[in-house]
Amino acid sequence: MSHFISRWLVLTIAAGVMVALLPGMEAVGEPPMLGIAAFSLFLALINASIKPVVHLLALPISILSFGLFALVLNWLFMELASWLALTLFDVGVVIHGFWWSVLGSIIMAIVSGLVGDVIGE
């Protein structure tokens, strides 16, 4: 359980940086960090549960598309996390398009890797 909480913290920091840097991402909620935390909670739940299975099932398509299909899957997971947070808690992160989610995924990967190394995850 502590690993999940630390992963959620790392994703929350990464999502905060992503929302701060990208104009195509908008935090909804008061304070905005609440929306970012709800979004990252659902993203952590998705990453822990269905993401490995979906990536394994989509591996043949990802190989044929030279990994570009993984971008589509990441976009879908970010949209799902956004939709869940906004639907259940009325807070979250609004993503204004596919390319913003691609840039957001790259930023989140870099920042979560750096933060994960700093806290020793």
# chains A, B, ... in the order shown; residues from 1 in each chain; ligands from 1
$ closest_atom_pairs --of "stretch 44-120 of chain A" --to "stretch 14-34 of chain A" --cutoff "7 Å" --atoms "only C-alpha atoms" --output "CSV"
residue,atom,partner,partner_atom,distance
A:Val91,CA,A:Gly29,CA,4.7
A:Gly92,CA,A:Val28,CA,5.2
A:Val93,CA,A:Ala27,CA,4.5
A:Val94,CA,A:Glu26,CA,5.1
A:Ile95,CA,A:Met25,CA,4.9
A:His96,CA,A:Gly24,CA,5.1
A:Trp100,CA,A:Gly24,CA,5.6
A:Gly104,CA,A:Met18,CA,5.7
A:Ile107,CA,A:Met18,CA,6.0
A:Met108,CA,A:Ala14,CA,4.9
A:Val111,CA,A:Ala14,CA,5.2
A:Ser112,CA,A:Ala14,CA,5.4
$ write_last_selection --atoms "N, CA, C and O atoms" --output "mmCIF file, in the first residue's frame"
data_model
loop_
_atom_site.group_PDB
_atom_site.id
_atom_site.type_symbol
_atom_site.label_atom_id
_atom_site.label_comp_id
_atom_site.auth_asym_id
_atom_site.auth_seq_id
_atom_site.Cartn_x
_atom_site.Cartn_y
_atom_site.Cartn_z
ATOM 1 N N VAL A 91 -13.791 17.310 -9.974
ATOM 2 C CA VAL A 91 -12.481 17.953 -10.090
ATOM 3 C C VAL A 91 -11.627 17.070 -10.986
ATOM 4 O O VAL A 91 -11.935 15.897 -11.186
ATOM 5 N N GLY A 92 -10.564 17.607 -11.528
ATOM 6 C CA GLY A 92 -9.695 16.805 -12.376
ATOM 7 C C GLY A 92 -8.864 17.661 -13.302
ATOM 8 O O GLY A 92 -8.644 18.846 -13.048
ATOM 9 N N VAL A 93 -8.424 17.066 -14.379
ATOM 10 C CA VAL A 93 -7.618 17.736 -15.394
ATOM 11 C C VAL A 93 -8.324 17.557 -16.731
ATOM 12 O O VAL A 93 -8.625 16.428 -17.126
ATOM 13 N N VAL A 94 -8.585 18.666 -17.403
ATOM 14 C CA VAL A 94 -9.195 18.632 -18.729
ATOM 15 C C VAL A 94 -8.073 18.645 -19.759
ATOM 16 O O VAL A 94 -7.184 19.501 -19.707
ATOM 17 N N ILE A 95 -8.124 17.704 -20.690
ATOM 18 C CA ILE A 95 -7.109 17.579 -21.733
ATOM 19 C C ILE A 95 -7.727 18.069 -23.035
ATOM 20 O O ILE A 95 -8.744 17.550 -23.477
ATOM 21 N N HIS A 96 -7.100 19.064 -23.644
ATOM 22 C CA HIS A 96 -7.645 19.685 -24.850
ATOM 23 C C HIS A 96 -7.010 19.117 -26.114
ATOM 24 O O HIS A 96 -6.447 19.846 -26.922
ATOM 25 N N TRP A 100 -1.774 17.291 -26.966
ATOM 26 C CA TRP A 100 -1.470 17.775 -25.616
ATOM 27 C C TRP A 100 -1.251 16.593 -24.676
ATOM 28 O O TRP A 100 -0.397 16.649 -23.784
ATOM 29 N N GLY A 104 1.986 15.773 -22.689
ATOM 30 C CA GLY A 104 1.811 15.556 -21.259
ATOM 31 C C GLY A 104 2.390 14.232 -20.805
ATOM 32 O O GLY A 104 2.991 14.141 -19.726
ATOM 33 N N ILE A 107 6.174 14.656 -20.612
ATOM 34 C CA ILE A 107 6.553 15.442 -19.431
ATOM 35 C C ILE A 107 6.364 14.616 -18.161
ATOM 36 O O ILE A 107 7.232 14.603 -17.275
ATOM 37 N N MET A 108 5.234 13.909 -18.071
ATOM 38 C CA MET A 108 4.995 13.099 -16.877
ATOM 39 C C MET A 108 6.014 11.980 -16.731
ATOM 40 O O MET A 108 6.432 11.659 -15.618
ATOM 41 N N VAL A 111 9.362 13.763 -15.539
ATOM 42 C CA VAL A 111 9.273 14.274 -14.170
ATOM 43 C C VAL A 111 9.082 13.145 -13.165
ATOM 44 O O VAL A 111 9.725 13.138 -12.108
ATOM 45 N N SER A 112 8.239 12.171 -13.473
ATOM 46 C CA SER A 112 8.033 11.075 -12.523
ATOM 47 C C SER A 112 9.301 10.232 -12.374
ATOM 48 O O SER A 112 9.582 9.722 -11.286
#
$ select_by_dssp --residues "chain A" --states "alpha helix (DSSP H)" --output "ChimeraX atom specification"
/A:2-21,32-49,51-57,59-64,68-89,98-119
$ atom_distance --atom1 "atom CA of A:Val115" --atom2 "atom CA of A:His3"
14.0 Å
$ atom_distance --atom1 "atom CA of A:Ile5" --atom2 "atom CA of A:Leu103"
24.8 Å
$ atom_distance --atom1 "atom CA of A:Ala58" --atom2 "atom CA of A:Phe77"
13.6 Å
$ select_by_dssp --residues "chain A" --states "strand (DSSP E)" --output "list of chain:residue names"
A:Met25, A:Glu26, A:Ala27, A:Val28, A:Gly92, A:Val93, A:Val94, A:Ile95
$ write_last_selection --atoms "N, CA, C and O atoms" --output "short mmCIF file (atom, residue, chain, number, x, y, z; two decimals), in the first residue's frame"
data_model
loop_
_atom_site.label_atom_id
_atom_site.label_comp_id
_atom_site.auth_asym_id
_atom_site.auth_seq_id
_atom_site.Cartn_x
_atom_site.Cartn_y
_atom_site.Cartn_z
N MET A 25 -3.63 21.75 -21.06
CA MET A 25 -4.08 21.01 -19.87
C MET A 25 -4.62 22.03 -18.88
O MET A 25 -3.99 23.05 -18.63
N GLU A 26 -5.78 21.72 -18.32
CA GLU A 26 -6.42 22.67 -17.41
C GLU A 26 -6.89 21.93 -16.16
O GLU A 26 -7.64 20.96 -16.25
N ALA A 27 -6.44 22.40 -15.00
CA ALA A 27 -6.87 21.81 -13.74
C ALA A 27 -8.23 22.39 -13.35
O ALA A 27 -8.43 23.60 -13.39
N VAL A 28 -9.15 21.51 -13.00
CA VAL A 28 -10.49 21.92 -12.59
C VAL A 28 -10.64 21.58 -11.11
O VAL A 28 -10.40 20.45 -10.71
N GLY A 92 -10.56 17.61 -11.53
CA GLY A 92 -9.70 16.80 -12.38
C GLY A 92 -8.86 17.66 -13.30
O GLY A 92 -8.64 18.85 -13.05
N VAL A 93 -8.42 17.07 -14.38
CA VAL A 93 -7.62 17.74 -15.39
C VAL A 93 -8.32 17.56 -16.73
O VAL A 93 -8.62 16.43 -17.13
N VAL A 94 -8.58 18.67 -17.40
CA VAL A 94 -9.20 18.63 -18.73
C VAL A 94 -8.07 18.64 -19.76
O VAL A 94 -7.18 19.50 -19.71
N ILE A 95 -8.12 17.70 -20.69
CA ILE A 95 -7.11 17.58 -21.73
C ILE A 95 -7.73 18.07 -23.04
O ILE A 95 -8.74 17.55 -23.48
#
$ residues_around --residues "A:Ser101" --least-positions-apart "4" --cutoff "8 Å" --atoms "only C-alpha atoms" --output "NGL selection string"
:A and (74-75 or 78 or 95-97 or 105)
$ residues_around --residues "A:Leu43" --least-positions-apart "3" --cutoff "10 Å" --atoms "only C-alpha atoms" --output "compact mmCIF listing (two decimals) with C-alpha atoms, in the first residue's frame"
# COMPACT_ATOMS: atom_id res chain seq x y z
CA TRP A 8 0.42 8.48 -6.42
CA LEU A 11 2.29 11.11 -10.33
CA THR A 12 0.67 14.09 -8.58
CA ALA A 15 0.84 15.99 -13.28
CA ALA A 37 -4.47 14.91 -7.18
CA ALA A 38 -7.79 13.32 -8.21
CA PHE A 39 -6.58 12.94 -11.81
CA SER A 40 -3.32 11.35 -10.68
CA ILE A 46 -5.23 2.61 -14.11
CA ASN A 47 -1.46 2.15 -14.29
CA ALA A 48 -1.59 -0.45 -11.52
CA SER A 49 -4.56 -2.41 -12.81
CA LYS A 51 -2.54 -0.71 -18.23
CA PHE A 77 -5.71 6.21 -20.26
CA MET A 78 -5.24 9.92 -19.58
CA GLU A 79 -8.71 10.65 -20.96
CA LEU A 80 -10.18 7.85 -18.84
CA ALA A 81 -8.49 9.18 -15.69
CA SER A 82 -9.71 12.69 -16.51
CA LEU A 84 -13.37 9.43 -13.93
CA ALA A 85 -12.07 12.29 -11.79
$ closest_residue --among "A:Ile110, A:Trp99, A:Asp90, A:Gly116" --to "A:Gly35" --atoms "only C-alpha atoms"
A:Asp90
$ closest_residue --among "A:Ile36, A:Leu88, A:Leu45, A:Ser65" --to "A:Met1" --atoms "only C-alpha atoms"
A:Leu45
